Structures are given as C-alpha cells and as structure tokens.
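Student: Dropping the structure in here first, questions after.
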Amino acid sequence: MRIDRVLLVFRKDWLEVSRNWEIMVPIIIVPLIFSVVLPSMMLLIPGGTGGGNTEFGSLLANLPASVQVELVGLTEGQTIMYIMLVYVFAPFFLLIPAMASSVIASDSFAGEKERKTIEGLLATPLSDGELLVGKIMVAFVPSMIVTLLSFTVYTTLVDALSLETFNRFILPTINWVLIIFLLAPATAVTGIALTVVVSARVKGFREAQQLSVLIIVPIMGLVFGQMFGLLLLIPIVILILFAIFVVVDVIILKIGLDMFEREEILSKIR
C-alpha cells in the first residue's frame, strides 16, 4: 500500500466534501449546539438550575460513591448543574463523530456512485486497500477534528462560566478524556463501517445516509441512561463500552470490506 496514493484519494474526496453544503452545514451546526448552546442554557438562563427538581431524583439516587464525593459541599442547584455539565451532556459528544463520519462516508462511498464519478477512480492503478483507506480517512479525520474542537470549546466555555459558580474548573475530567479519545474514535469508525456496508447495497447518498444513522440509536440509549441514572459513564463503563465498540467495528468493517468489489460497483452504476 502506497501512502501517496491513499493521500491522493483523501485530498480528492475532501475537496468534494468541503464544497457540498448539504454535508458541511450539519457538521458545523450540530457541534455548535452541543458545545455552545447546551452549556449556555444551563449556566445563563435564570432559574435553569434551581433546586427541588425531582426529574433528577433517580439519577442522584443512583450515583456511585466516587461521584458522590465530587458533590460534597455543593448546593442542590449546583449538584444538578454539575451532573448535567459533567455527566448528562457527555454522551451528546458521541453523536458528533457518529453523525459527521457517517454523513461524509455516505457521500464518499454512495455519493460517488450516484454522481458516477467513481468510474474513473476505479479505473486507476489504485488497489482496493488504498482506495478504501483513503475514503475511510476522509470520513474519520474531519469527524475527529470537529469532535476535538467541540470538546475544546465546550470545556473552555463551561470552565469560564462555572468558575463563578463552583470557584473552580470542573472540566476536563478523566471521564471526558476517555470519552473523547477512546469512545469518540470508536464511534466514528462504527459510523464509517456501517456506511461502507450500506453503500454496497444502495445507489445514492440519501439512502446511505438514512440507513447509516442507525448508529445514533445506541448513543441515544446512553443519553437516556445517563438522564435516568440507569447507566453512568464512569471510567470502567467507558472502557467496557470501548471494548464492545472495537469488536463491533472490526466485525462490521470486515463485512464491508468483503462487500467492496470493483466489478460489482461498476455494474450498479452503468
């Protein structure tokens, strides 16, 4: 495998993706909502974190001892704010790499079939491995850059605004570091792997995009699990989820790679 050929595919696909506002708009808007709007609502809206809110009763009652220690000395309002900012909002940042990677991969794989621009690419001396790695990179790299930027903005904003409330910086925590640097990449690969499989069976970008959003379902399960105290993303849970995602990624990606055949792709676009 030649790196220069992989980078050639990467550059070609990225130029096409970056010019497509149907792809770029959600990749910009969704991270802004998660990194700016959510913390601003919690910290700036008067009464937004008032005490006595029974909606968090089940979450607070099920907090492990390690988390209870973090809450010592906080008022009820501060406790709710802390739990929301440090724990409840965390799974939303898994939606960013999942969404971004699946959208970009949908255009890179199925979009080219729809536009019939992949014929020339398949006719080049590129090996299947070089072609696939280049296309996987063009989905993975931007999605992780967006995720890291969103995490940086979120952390900066939360710490700047919470310094007055808590008299200290509350981010980053080990949980967030593990989520961003372990779970987020694994989630991005899952989105890409699903898209590779789906793109082998569909003819267009929108079909691939609609089916690849299945990755959002388990992530939303994590969101609701956090909100209702059913599953808190503490380090041991994150590591277990990471191991599960890695196994799933390997299986799905292997299936997708086996389904990627030049002759079959060409037969579907002619």
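Chain labels run A, B, ... following the order of the structure tokens; each chain numbers its residues from 1, and ligands are numbered from 1 in the order shown.
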When you look at range 65-72 of chain A with a cut-off of 12 Å (counting only C-alpha atoms), what residues show up, excluding the ones that are within fewer than 3 positions of it in the same chain? I need them as number ranges by chain.
Tutor: A: 59-62, 75-83, 86-87, 166, 170, 173, 175, 232-236
Student: Restricting it to N, CA and C atoms, dump the selection as a compact mmCIF listing (two decimals), in the first residue's frame.
Tutor:
```txt
# COMPACT_ATOMS: atom_id res chain seq x y z
N LEU A 59 -31.52 9.86 39.06
CA LEU A 59 -30.09 9.97 38.73
C LEU A 59 -29.26 10.19 39.99
N LEU A 60 -29.68 11.14 40.81
CA LEU A 60 -28.93 11.45 42.03
C LEU A 60 -28.91 10.28 42.99
N ALA A 61 -30.02 9.54 43.04
CA ALA A 61 -30.11 8.40 43.97
C ALA A 61 -29.21 7.25 43.56
N ASN A 62 -28.88 7.16 42.26
CA ASN A 62 -28.09 6.04 41.76
C ASN A 62 -26.63 6.38 41.51
N THR A 75 -24.57 22.88 46.73
CA THR A 75 -26.00 23.03 46.96
C THR A 75 -26.75 22.14 45.98
N GLU A 76 -28.06 22.01 46.18
CA GLU A 76 -28.84 21.16 45.27
C GLU A 76 -28.79 21.68 43.85
N GLY A 77 -28.89 23.00 43.71
CA GLY A 77 -28.82 23.59 42.37
C GLY A 77 -27.47 23.37 41.72
N GLN A 78 -26.40 23.53 42.50
CA GLN A 78 -25.05 23.29 41.98
C GLN A 78 -24.85 21.82 41.61
N THR A 79 -25.44 20.93 42.42
CA THR A 79 -25.33 19.50 42.15
C THR A 79 -25.95 19.15 40.80
N ILE A 80 -27.16 19.67 40.56
CA ILE A 80 -27.84 19.41 39.29
C ILE A 80 -27.03 19.97 38.13
N MET A 81 -26.52 21.20 38.30
CA MET A 81 -25.72 21.81 37.24
C MET A 81 -24.47 20.97 36.96
N TYR A 82 -23.80 20.54 38.00
CA TYR A 82 -22.58 19.75 37.86
C TYR A 82 -22.86 18.44 37.15
N ILE A 83 -23.91 17.74 37.57
CA ILE A 83 -24.25 16.45 36.96
C ILE A 83 -24.60 16.63 35.48
N VAL A 86 -21.19 17.72 33.53
CA VAL A 86 -20.08 16.76 33.56
C VAL A 86 -20.50 15.37 33.08
N TYR A 87 -21.76 15.00 33.33
CA TYR A 87 -22.19 13.63 33.03
C TYR A 87 -23.28 13.55 31.95
N PHE A 166 -18.73 27.48 40.92
CA PHE A 166 -18.07 26.44 41.72
C PHE A 166 -16.73 26.88 42.31
N ILE A 170 -14.29 22.69 36.36
CA ILE A 170 -14.88 21.36 36.53
C ILE A 170 -14.57 20.42 35.37
N THR A 173 -12.50 16.10 32.95
CA THR A 173 -12.39 15.01 33.91
C THR A 173 -11.86 13.78 33.19
N ASN A 175 -13.32 11.05 32.88
CA ASN A 175 -14.43 10.50 32.09
C ASN A 175 -14.47 11.14 30.71
N LEU A 232 -24.29 5.27 34.13
CA LEU A 232 -23.45 6.45 34.24
C LEU A 232 -22.10 6.17 33.61
N LEU A 233 -21.63 7.11 32.79
CA LEU A 233 -20.36 6.91 32.08
C LEU A 233 -19.18 7.21 32.99
N ILE A 234 -18.91 6.28 33.88
CA ILE A 234 -17.71 6.34 34.71
C ILE A 234 -16.62 5.56 34.00
N PRO A 235 -15.34 5.69 34.38
CA PRO A 235 -14.24 5.07 33.62
C PRO A 235 -14.42 3.60 33.29
N ILE A 236 -14.83 2.77 34.24
CA ILE A 236 -14.95 1.34 33.97
C ILE A 236 -16.02 1.06 32.92
```
Student: Neighbouring residues of range 34-41 of chain A were defined as those with any atom within 10 Å, considering only C-alpha atoms; residues of the same chain fewer than 2 positions away were excluded. Please report them as a ChimeraX atom specification.
Tutor: /A:29-32,43-46,48-49,81,84-85,89-90,92-93,95-96,147,149-158,161-162
Student: Expressed in Å to a single decimal, how great is the separation between CA of Met227 in chain A and CA of Ile179 in chain A?
Tutor: 16.9 Å
Student: Quick check for you: according to DSSP on this backbone, which residues of range 12-200 of chain A are classed as alpha helix (DSSP H)? Reply as JSON, numbers by chain.
Tutor: {"A": [12, 13, 14, 15, 16, 17, 18, 21, 22, 23, 24, 25, 26, 27, 28, 29, 30, 31, 32, 38, 39, 40, 41, 42, 43, 44, 57, 58, 59, 60, 61, 65, 66, 67, 68, 69, 70, 76, 77, 78, 79, 80, 81, 82, 83, 92, 93, 94, 95, 96, 97, 98, 99, 100, 101, 102, 103, 104, 105, 106, 112, 113, 114, 115, 118, 119, 120, 121, 122, 128, 129, 130, 131, 132, 133, 134, 135, 136, 137, 138, 139, 140, 141, 142, 143, 144, 145, 146, 147, 148, 149, 150, 151, 152, 153, 154, 155, 156, 157, 158, 159, 160, 161, 162, 163, 164, 165, 166, 174, 175, 176, 177, 178, 184, 185, 186, 187, 188, 189, 190, 191, 192, 193, 194, 195, 196, 197, 198, 199]}
Student: Point out the residue among A:Gly191, A:Gly221, A:Pro142, A:Pro185 with the least atom-to-atom distance to Trp14 in chain A, counting only C-alpha atoms.
Tutor: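 Once distances to Trp14 in chain A are computed over only C-alpha atoms, the minimum belongs to A:Pro142.
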Student: Would you mind telling me which residue in A:Ile180, A:Met137, A:Leu7, A:Ala193 lies nearest to Val250 in chain A when using only C-alpha atoms?
Tutor: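 Ranking A:Ile180, A:Met137, A:Leu7, A:Ala193 by distance to Val250 in chain A, first place goes to A:Ala193.
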Student: Quick one: residues within 8 Å of Leu194 in chain A, only C-alpha atoms, excluding same-chain residues fewer than 6 positions away - as a ChimeraX atom specification?
Tutor: /A:102,212,215,252-253,256
Student: Interatomic distance between CA of Val189 in chain A and CA of Trp21 in chain A?
Tutor: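 Spanning CA of Val189 in chain A to CA of Trp21 in chain A is a straight-line distance of 22.8 Å.
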Student: Quick one, how far is CA of Phe10 in chain A from CA of Val133 in chain A?
Tutor: 8.5 Å
Student: Compile the contact shell of Ser127 in chain A as a list in words: residues with an atom at most 8 Å away, counting only C-alpha atoms, same-chain residues fewer than 3 positions apart removed.
Tutor: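 The contact residues come out as Met1, Glu130 and Leu131 of chain A.
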Student: Could you take the residues named above and write them with C-alpha atoms, as a PDB file, in the first residue's frame?
Tutor:
```pdb
ATOM      1  CA  MET A   1       0.000   0.000   0.000  1.00  0.00           C
ATOM      2  CA  GLU A 130      -5.578   2.185  -0.974  1.00  0.00           C
ATOM      3  CA  LEU A 131      -8.989   3.316  -2.190  1.00  0.00           C
TER       4      LEU A 131
END
```
